[in-house]
file protein_22.tsv (TSV, C-alpha atoms)
chain	number	residue	atom	x	y	z
A	16	MET	CA	51.35	-0.46	-42.48
A	17	LYS	CA	51.04	-4.14	-43.03
A	18	GLN	CA	54.61	-4.32	-44.27
A	19	GLY	CA	55.87	-2.39	-41.29
A	20	SER	CA	54.11	-4.64	-38.84
A	21	ARG	CA	55.45	-7.66	-40.58
A	22	MET	CA	58.93	-6.19	-40.43
A	23	ARG	CA	58.62	-5.57	-36.74
A	24	ARG	CA	57.51	-9.10	-36.10
A	25	THR	CA	60.36	-10.54	-38.12
A	26	ASN	CA	62.96	-8.20	-36.67
A	27	GLN	CA	62.20	-9.03	-33.05
A	28	PRO	CA	64.88	-11.40	-31.74
A	29	LEU	CA	63.50	-14.48	-30.08
A	30	THR	CA	66.10	-14.41	-27.30
A	31	VAL	CA	64.97	-10.99	-26.06
A	32	ALA	CA	61.25	-11.75	-26.19
A	33	GLY	CA	61.53	-14.64	-23.70
A	34	PRO	CA	62.78	-12.89	-20.55
A	35	ARG	CA	60.77	-9.68	-21.26
A	36	SER	CA	57.48	-11.52	-21.62
A	37	ALA	CA	58.26	-13.52	-18.49
A	38	SER	CA	58.86	-10.36	-16.46
A	39	CYS	CA	55.70	-8.81	-17.90
A	40	ARG	CA	53.76	-11.90	-16.94
A	41	LEU	CA	55.16	-11.71	-13.42
A	42	ARG	CA	54.18	-8.04	-13.19
A	43	ARG	CA	50.67	-8.84	-14.40
A	44	HIS	CA	50.30	-11.52	-11.75
A	45	GLY	CA	51.23	-9.06	-9.00
A	46	GLY	CA	49.19	-6.32	-10.65
A	47	LEU	CA	45.95	-8.20	-10.33
A	48	LEU	CA	46.08	-8.12	-6.53
A	49	VAL	CA	47.34	-4.54	-6.30
A	50	GLU	CA	44.77	-3.31	-8.78
A	51	ALA	CA	41.99	-5.11	-6.97
A	52	LEU	CA	43.14	-3.63	-3.66
A	53	ILE	CA	43.32	-0.12	-5.11
A	54	ALA	CA	39.90	-0.48	-6.72
A	55	SER	CA	38.44	-1.88	-3.49
A	56	THR	CA	39.97	0.98	-1.50
A	57	ALA	CA	38.60	3.56	-3.95
A	58	ILE	CA	35.16	1.96	-3.87
A	59	GLY	CA	35.31	1.72	-0.08
A	60	MET	CA	36.20	5.41	0.22
A	61	ALA	CA	33.40	6.31	-2.18
A	62	ALA	CA	31.00	4.17	-0.14
A	63	ILE	CA	32.08	5.79	3.15
A	64	LEU	CA	31.79	9.28	1.63
A	65	SER	CA	28.39	8.60	0.12
A	66	VAL	CA	27.07	7.04	3.34
A	67	SER	CA	28.28	10.01	5.41
A	68	MET	CA	26.76	12.36	2.83
A	69	LEU	CA	23.47	10.47	2.96
A	70	VAL	CA	23.44	10.63	6.76
A	71	THR	CA	24.09	14.40	6.64
A	72	VAL	CA	21.41	14.98	3.99
A	73	SER	CA	18.96	12.81	5.91
A	74	GLY	CA	19.65	14.81	9.09
A	75	ASN	CA	19.16	18.11	7.26
A	76	ARG	CA	15.93	16.84	5.78
A	77	ARG	CA	14.67	15.81	9.19
A	78	THR	CA	15.61	19.24	10.54
A	79	ALA	CA	13.73	20.98	7.69
A	80	GLU	CA	10.70	18.74	8.21
A	81	ARG	CA	10.66	19.47	11.94
A	82	LEU	CA	11.04	23.18	11.30
A	83	LEU	CA	8.00	23.10	9.03
A	84	LEU	CA	6.02	21.11	11.58
A	85	ALA	CA	7.04	23.49	14.36
A	86	THR	CA	6.14	26.56	12.27
A	87	GLU	CA	2.69	25.19	11.54
A	88	GLU	CA	2.18	24.09	15.14
A	89	LEU	CA	3.11	27.49	16.55
A	90	SER	CA	0.95	29.24	13.92
A	91	ASN	CA	-1.98	27.00	14.89
A	92	GLN	CA	-1.47	27.73	18.60
A	93	LEU	CA	-1.47	31.47	17.97
A	94	GLU	CA	-4.48	31.18	15.66
A	95	ARG	CA	-6.40	29.32	18.37
A	96	LEU	CA	-5.53	31.96	20.95
A	97	THR	CA	-6.50	34.84	18.68
A	98	ALA	CA	-9.88	33.13	18.23
A	99	LYS	CA	-10.58	33.59	21.94
A	100	PRO	CA	-12.70	36.52	23.08
A	101	TRP	CA	-10.73	39.60	24.11
A	102	ALA	CA	-11.50	39.29	27.82
A	103	GLU	CA	-10.47	35.62	27.96
A	104	LEU	CA	-7.12	36.21	26.33
A	105	THR	CA	-4.90	36.27	29.41
A	106	PRO	CA	-1.38	35.08	30.26
A	107	GLU	CA	-2.92	32.29	32.36
A	108	LEU	CA	-4.83	31.01	29.34
A	109	ALA	CA	-1.69	31.12	27.21
A	110	LYS	CA	0.17	29.02	29.78
A	111	GLN	CA	-2.44	26.28	29.41
A	112	ALA	CA	-1.61	25.80	25.71
A	113	GLN	CA	-0.58	22.26	24.94
A	114	LEU	CA	1.11	20.74	21.93
A	115	SER	CA	-0.96	18.77	19.45
A	116	SER	CA	-0.39	15.03	19.20
A	117	SER	CA	1.32	15.27	15.78
A	118	ALA	CA	3.76	17.89	17.09
A	119	ALA	CA	4.42	15.90	20.26
A	120	VAL	CA	5.33	12.90	18.10
A	121	GLY	CA	7.28	14.79	15.43
A	122	LEU	CA	9.24	17.14	17.70
A	123	PRO	CA	11.28	15.28	20.36
A	124	HIS	CA	11.01	16.74	23.88
A	125	ALA	CA	9.28	19.83	22.51
A	126	GLU	CA	8.59	22.74	24.88
A	127	LEU	CA	5.99	25.38	24.12
A	128	LYS	CA	5.82	28.80	25.75
A	129	ILE	CA	3.33	31.51	24.88
A	130	ARG	CA	3.38	34.92	26.54
A	131	VAL	CA	0.60	37.50	26.38
A	132	GLN	CA	1.65	41.10	26.87
A	133	ALA	CA	-0.45	44.24	26.79
A	134	VAL	CA	0.68	46.84	24.24
A	135	ASP	CA	-0.40	50.45	23.67
A	136	LYS	CA	1.08	51.15	20.23
A	137	PRO	CA	-0.05	51.41	17.47
A	138	ARG	CA	-3.39	50.63	19.15
A	139	PRO	CA	-4.25	49.16	22.52
A	140	GLY	CA	-3.99	45.42	22.18
A	141	LYS	CA	-2.25	42.24	23.24
A	142	ARG	CA	0.91	40.80	21.79
A	143	LEU	CA	1.19	37.01	21.70
A	144	GLU	CA	4.75	35.74	21.64
A	145	GLY	CA	5.07	32.04	20.93
A	146	GLU	CA	8.27	30.09	21.42
A	147	LEU	CA	8.80	26.47	20.56
A	148	ARG	CA	11.98	24.51	20.99
A	149	TRP	CA	12.83	20.85	20.60
A	150	GLN	CA	15.78	18.52	20.64
A	151	ASP	CA	17.64	17.75	17.49
A	152	ARG	CA	20.42	15.32	16.67
A	153	GLY	CA	22.57	14.28	19.62
A	154	ASN	CA	19.90	15.45	22.12
A	155	SER	CA	21.01	19.05	21.65
A	156	TRP	CA	18.43	21.84	21.85
A	157	ARG	CA	17.76	23.69	18.65
A	158	PRO	CA	17.53	27.49	18.73
A	159	PRO	CA	13.85	28.14	19.54
A	160	LEU	CA	11.38	29.09	16.87
A	161	ARG	CA	9.55	32.33	17.69
A	162	LEU	CA	6.39	33.75	16.18
A	163	THR	CA	4.44	36.82	17.22
A	164	SER	CA	0.81	37.75	16.70
A	165	TRP	CA	-1.25	40.77	17.74
A	166	VAL	CA	-4.85	41.07	18.86
A	167	PHE	CA	-6.28	44.58	19.08
A	168	ALA	CA	-8.89	45.72	21.49
A	169	PRO	CA	-12.44	46.12	20.22
A	170	PRO	CA	-13.49	49.75	19.78
A	171	GLU	CA	-15.75	49.88	22.83
A	172	VAL	CA	-13.08	48.56	25.21
A	173	PRO	CA	-10.66	51.29	26.33
B	26	MET	CA	69.41	-31.17	-22.07
B	27	VAL	CA	66.39	-32.49	-23.86
B	28	ASN	CA	64.54	-32.94	-20.55
B	29	LEU	CA	65.44	-29.45	-19.43
B	30	GLN	CA	64.22	-27.95	-22.70
B	31	LEU	CA	61.00	-29.90	-22.38
B	32	ARG	CA	60.56	-28.74	-18.74
B	33	SER	CA	61.15	-25.09	-19.60
B	34	GLY	CA	58.70	-25.43	-22.48
B	35	VAL	CA	56.06	-26.75	-20.13
B	36	ALA	CA	56.82	-23.99	-17.62
B	37	THR	CA	56.46	-21.19	-20.20
B	38	ARG	CA	53.26	-22.74	-21.51
B	39	ARG	CA	51.82	-22.64	-17.98
B	40	ARG	CA	52.75	-19.00	-17.44
B	41	ARG	CA	51.42	-17.81	-20.78
B	42	GLY	CA	47.68	-17.88	-19.99
B	43	TRP	CA	45.32	-17.38	-17.03
B	44	THR	CA	44.35	-20.24	-14.84
B	45	LEU	CA	40.70	-20.96	-14.14
B	46	ILE	CA	41.10	-19.93	-10.49
B	47	GLU	CA	42.69	-16.61	-11.47
B	48	MET	CA	39.84	-15.95	-13.88
B	49	LEU	CA	37.22	-16.87	-11.29
B	50	VAL	CA	38.87	-14.68	-8.64
B	51	THR	CA	39.17	-11.77	-11.08
B	52	ILE	CA	35.58	-12.11	-12.25
B	53	SER	CA	34.26	-12.34	-8.70
B	54	VAL	CA	36.31	-9.33	-7.56
B	55	MET	CA	35.21	-7.28	-10.57
B	56	ALA	CA	31.61	-8.37	-10.09
B	57	SER	CA	31.61	-7.37	-6.43
B	58	ILE	CA	33.27	-4.00	-7.20
B	59	THR	CA	30.77	-3.34	-10.00
B	60	GLY	CA	27.88	-4.38	-7.75
B	61	ILE	CA	28.96	-2.05	-4.96
B	62	ALA	CA	29.47	0.82	-7.42
B	63	ILE	CA	26.02	0.29	-8.95
B	64	LYS	CA	24.44	0.12	-5.49
B	65	ILE	CA	26.12	3.41	-4.49
B	66	LEU	CA	25.01	5.10	-7.71
B	67	THR	CA	21.40	3.94	-7.45
B	68	THR	CA	21.26	4.99	-3.78
B	69	LEU	CA	22.60	8.44	-4.63
B	70	LEU	CA	20.18	8.83	-7.53
B	71	ARG	CA	17.25	7.79	-5.34
B	72	ALA	CA	18.43	10.17	-2.61
B	73	GLU	CA	18.57	13.00	-5.14
B	74	ARG	CA	15.06	12.21	-6.40
B	75	ASN	CA	13.71	12.01	-2.83
B	76	GLY	CA	15.48	15.26	-1.98
B	77	ILE	CA	13.84	17.08	-4.88
B	78	GLU	CA	10.42	15.71	-3.88
B	79	HIS	CA	11.06	16.72	-0.27
B	80	VAL	CA	12.02	20.30	-1.13
B	81	THR	CA	9.01	20.55	-3.46
B	82	ARG	CA	6.75	19.28	-0.69
B	83	LEU	CA	8.11	21.74	1.87
B	84	THR	CA	7.66	24.72	-0.44
B	85	THR	CA	4.18	23.52	-1.45
B	86	VAL	CA	3.11	23.12	2.19
B	87	SER	CA	4.39	26.63	2.98
B	88	ARG	CA	2.54	28.06	-0.02
B	89	LEU	CA	-0.66	26.18	0.81
B	90	SER	CA	-0.48	27.18	4.46
B	91	ARG	CA	-0.10	30.87	3.61
B	92	GLN	CA	-2.83	30.74	0.95
B	93	PHE	CA	-5.33	28.71	2.99
B	94	ARG	CA	-5.02	30.95	6.05
B	95	ALA	CA	-5.37	34.10	3.94
B	96	ASP	CA	-8.49	32.74	2.19
B	97	VAL	CA	-10.21	31.51	5.34
B	98	ARG	CA	-9.40	34.65	7.32
B	99	ALA	CA	-10.91	36.77	4.54
B	100	ALA	CA	-14.05	34.62	4.20
B	101	THR	CA	-17.54	35.98	4.62
B	102	GLU	CA	-19.25	32.80	3.40
B	103	LEU	CA	-17.91	29.32	3.57
B	104	GLN	CA	-19.12	25.91	2.42
B	105	LEU	CA	-17.52	22.56	3.18
B	106	SER	CA	-17.98	19.45	1.07
B	107	GLY	CA	-18.76	17.31	4.09
B	108	ASP	CA	-18.93	13.66	3.11
B	109	ASN	CA	-19.74	14.32	-0.55
B	110	PRO	CA	-16.65	13.51	-2.64
B	111	GLN	CA	-18.21	15.10	-5.77
B	112	GLN	CA	-18.25	18.55	-4.17
B	113	PRO	CA	-15.14	20.75	-3.83
B	114	LEU	CA	-13.41	20.39	-0.50
B	115	LEU	CA	-14.03	24.03	0.37
B	116	ARG	CA	-15.83	27.02	-1.18
B	117	VAL	CA	-15.07	30.48	0.09
B	118	THR	CA	-16.55	33.86	-0.73
B	119	SER	CA	-14.34	36.68	0.42
B	120	GLU	CA	-15.28	40.18	1.48
B	121	ASP	CA	-14.30	41.53	-1.95
B	122	GLN	CA	-16.58	38.94	-3.63
B	123	ARG	CA	-13.82	36.61	-4.81
B	124	GLN	CA	-15.03	33.02	-5.29
B	125	ILE	CA	-12.35	30.61	-4.13
B	126	GLN	CA	-12.55	26.88	-4.06
B	127	TYR	CA	-10.25	24.04	-3.09
B	128	GLU	CA	-10.78	20.66	-4.73
B	129	ILE	CA	-8.93	17.39	-4.67
B	130	HIS	CA	-6.94	16.73	-7.83
B	131	PRO	CA	-5.15	13.47	-8.80
B	132	GLN	CA	-1.83	15.31	-8.39
B	133	GLY	CA	-2.67	17.18	-5.21
B	134	LEU	CA	-4.93	20.08	-4.31
B	135	LEU	CA	-6.33	22.53	-6.87
B	136	ARG	CA	-7.16	26.09	-5.86
B	137	THR	CA	-9.28	28.20	-8.20
B	138	GLU	CA	-10.15	31.83	-7.76
B	139	LYS	CA	-12.73	33.86	-9.69
B	140	ARG	CA	-12.52	37.59	-9.30
B	141	PRO	CA	-15.62	39.72	-9.82
B	142	GLY	CA	-15.75	41.42	-13.21
B	143	GLN	CA	-12.87	39.37	-14.60
B	144	PRO	CA	-13.47	36.52	-17.04
B	145	LEU	CA	-10.28	34.65	-16.18
B	146	THR	CA	-10.06	32.07	-13.42
B	147	VAL	CA	-6.79	31.85	-11.53
B	148	THR	CA	-5.84	28.25	-10.89
B	149	ASP	CA	-3.05	26.99	-8.70
B	150	LEU	CA	-2.19	23.31	-8.48
B	151	LEU	CA	-0.47	22.43	-5.21
B	152	ARG	CA	1.27	19.18	-6.00
B	153	PHE	CA	1.48	16.51	-3.33
B	154	LYS	CA	2.67	13.04	-4.14
B	155	ASN	CA	0.31	10.53	-2.50
B	156	GLY	CA	-1.25	13.28	-0.40
B	157	ARG	CA	-4.70	13.04	1.22
B	158	PHE	CA	-6.68	16.03	2.40
B	159	ARG	CA	-9.65	16.77	4.59
B	160	ILE	CA	-11.05	19.82	6.30
B	161	VAL	CA	-12.44	19.71	9.82
B	162	GLU	CA	-14.51	22.44	11.41
B	163	SER	CA	-14.44	23.19	15.12
B	164	PRO	CA	-17.62	21.94	16.81
B	165	ALA	CA	-18.23	25.15	18.76
B	166	PRO	CA	-17.79	28.81	17.82
B	167	PRO	CA	-15.57	30.62	16.93
B	168	ARG	CA	-15.34	28.87	13.55
B	169	LEU	CA	-11.91	27.40	13.22
B	170	LEU	CA	-11.09	25.35	10.13
B	171	THR	CA	-8.34	22.73	10.14
B	172	LEU	CA	-6.88	21.50	6.88
B	173	VAL	CA	-5.36	18.08	7.49
B	174	ILE	CA	-2.68	16.98	5.02
B	175	GLU	CA	-1.68	13.36	5.19
B	176	THR	CA	1.51	12.46	3.32
B	177	PRO	CA	3.85	9.46	3.33
B	178	ASP	CA	6.72	9.58	5.76
B	179	THR	CA	9.77	10.85	3.88
B	180	PHE	CA	12.32	10.86	6.67
B	181	ALA	CA	14.08	7.74	5.42
B	182	ILE	CA	16.27	9.21	2.72
B	183	GLY	CA	17.77	6.99	0.04
B	184	THR	CA	15.45	4.16	0.94
B	185	LYS	CA	12.12	3.07	-0.40
B	186	GLN	CA	9.07	4.61	1.25
B	187	PRO	CA	7.74	2.45	4.08
B	188	ALA	CA	4.31	1.20	3.09
B	189	GLY	CA	1.42	2.63	5.08
B	190	ASP	CA	3.59	4.91	7.23
B	191	SER	CA	2.29	8.44	6.98
B	192	ARG	CA	2.27	11.72	8.89
B	193	GLU	CA	-0.30	14.43	9.32
B	194	LEU	CA	0.17	18.16	9.13
B	195	HIS	CA	-2.55	20.47	10.45
B	196	ILE	CA	-3.14	24.00	9.21
B	197	GLU	CA	-5.67	25.93	11.29
B	198	ALA	CA	-7.33	29.17	10.33
B	199	LEU	CA	-9.98	31.34	11.98
B	200	VAL	CA	-12.90	32.13	9.68
B	201	GLY	CA	-13.28	35.85	9.02
B	202	ARG	CA	-10.39	36.83	11.29
B	203	ASP	CA	-9.49	39.80	9.05
B	204	PHE	CA	-12.62	41.72	10.01
B	205	ARG	CA	-13.38	40.11	13.33
B	206	ASP	CA	-14.49	42.41	16.08
B	207	HIS	CA	-13.56	40.97	19.48

call {"tool": "encode", "arguments": {"input": "protein_22.tsv", "output": "structure tokens"}}
result
Amino acid sequence: MKQGSRMRRTNQPLTVAGPRSASCRLRRHGGLLVEALIASTAIGMAAILSVSMLVTVSGNRRTAERLLLATEELSNQLERLTAKPWAELTPELAKQAQLSSSAAVGLPHAELKIRVQAVDKPRPGKRLEGELRWQDRGNSWRPPLRLTSWVFAPPEVP
Amino acid sequence: MVNLQLRSGVATRRRRGWTLIEMLVTISVMASITGIAIKILTTLLRAERNGIEHVTRLTTVSRLSRQFRADVRAATELQLSGDNPQQPLLRVTSEDQRQIQYEIHPQGLLRTEKRPGQPLTVTDLLRFKNGRFRIVESPAPPRLLTLVIETPDTFAIGTKQPAGDSRELHIEALVGRDFRDH
């Protein structure tokens, strides 16, 4: 191997090496700028993609967090209403339900609606239908979250 | 001829290596590219870590909410720790004589359940990073318990948590709702 490399070195004509190395050097000089531009473009694209991905993920996370908050808020509202005595549980009372302060802060422009409807099956009772909606990204309304709860009449009440 | 040879010799000697300016420009460009790439990578890694924590938190809150409501609704006896930090946060005796207690653990909230006639205790650790808990009872009947979970705000993805910024989540449950007679 050593002999071969020596042979190559000795066999290379000096006249050919001059112009070739000069052209190579010229290419390298131009290559520095082009390579830097390509690398910068690639990094820039990666940065744009990762930023857009981060924004999307952040938005999805916020949506999931709000959904959890809304689920708990609506569950709490229904729990509070089911705690009321049977006679007091009326549609008028349900209309007075107000959002808690944490939900009002965490859910932008949230609207709460609770309906109380009398049902006969499977037993006489009242069905509580809760609906909560709020605004998401771009001030667009999210599909409302709905939960339902039942309260059955005490045995002595027909 | 001699002068020309000398000039071309000087010219080739100049072209052969890198000038200081070229080296400085190259190093600065490479340094900035490497810096941006490292910044992107660390941001993505932090975002992934935050995302995992976030998903874990959401599932834990859902699990805790379901479990807490079921325990409180099935309670026949109930004892709160009040202001005593040595006592468990909540002790519940259910209708089927299960002894359930919630206590604060360094990693979150620990739920233990002892079933009558069974030697084993079922434990469930609900992990919350930097979570704080308290239970508030309604001042007037019916008895309504509110579990307040205070956790750091995790909306800002890919960034460090803002110090002192936290949010509260309330889980309310009616004591003994399962066998309540209106």

call {"tool": "atom_distance", "arguments": {"input": "protein_22.tsv", "atom1": "atom CA of Leu162 of chain A", "atom2": "atom CA of Thr81 of chain B"}}
result
23.8 Å

call {"tool": "closest_atom_pairs", "arguments": {"input": "protein_22.tsv", "of": "chain A", "to": "chain B", "cutoff": "8 Å", "atoms": "all atoms listed in the file", "output": "tab-separated table"}}
result
residue	atom	partner	partner_atom	distance
A:Ala37	CA	B:Arg40	CA	7.8
A:Arg40	CA	B:Arg40	CA	7.2
A:Leu47	CA	B:Thr51	CA	7.7
A:Ala51	CA	B:Val54	CA	7.1
A:Ala54	CA	B:Ile58	CA	7.5
A:Ser55	CA	B:Ile58	CA	6.7
A:Ile58	CA	B:Ala62	CA	6.8
A:Ala62	CA	B:Ile65	CA	6.6
A:Ser65	CA	B:Ile65	CA	7.3
A:Leu69	CA	B:Gly183	CA	7.3
A:Val72	CA	B:Ile182	CA	7.8
A:Ser73	CA	B:Ile182	CA	5.5
A:Arg76	CA	B:Phe180	CA	7.0
A:Arg77	CA	B:Phe180	CA	6.0
A:Glu80	CA	B:Leu83	CA	7.5
A:Leu83	CA	B:Leu83	CA	7.3
A:Leu84	CA	B:Leu194	CA	7.0
A:Glu87	CA	B:Ile196	CA	6.4
A:Glu88	CA	B:His195	CA	7.6
A:Ser90	CA	B:Glu197	CA	7.9
A:Asn91	CA	B:Glu197	CA	5.3
A:Glu94	CA	B:Ala198	CA	6.4
A:Arg95	CA	B:Leu199	CA	7.6
A:Ala98	CA	B:Pro167	CA	6.4
A:Lys99	CA	B:Pro167	CA	7.7
A:Pro100	CA	B:His207	CA	5.8
A:Trp101	CA	B:His207	CA	5.6
A:Ser117	CA	B:Glu193	CA	6.7
A:Ala168	CA	B:His207	CA	7.0
A:Pro169	CA	B:His207	CA	5.3

call {"tool": "residues_around", "arguments": {"input": "protein_22.tsv", "residues": "Asp135 of chain A", "least_positions_apart": "5", "cutoff": "10 Å", "atoms": "all atoms listed in the file", "output": "PyMOL selection string"}}
result
chain A and resi 140-142+167-168

call {"tool": "closest_residue", "arguments": {"input": "protein_22.tsv", "among": "B:Thr85, B:Glu102, B:Ala165, B:Leu170", "to": "Phe153 of chain B", "atoms": "all atoms listed in the file"}}
result
B:Thr85

call {"tool": "atom_distance", "arguments": {"input": "protein_22.tsv", "atom1": "atom CA of Arg157 of chain B", "atom2": "atom CA of Gly133 of chain B"}}
result
7.9 Å

call {"tool": "atom_distance", "arguments": {"input": "protein_22.tsv", "atom1": "atom CA of Thr86 of chain A", "atom2": "atom CA of Thr163 of chain A"}}
result
11.5 Å
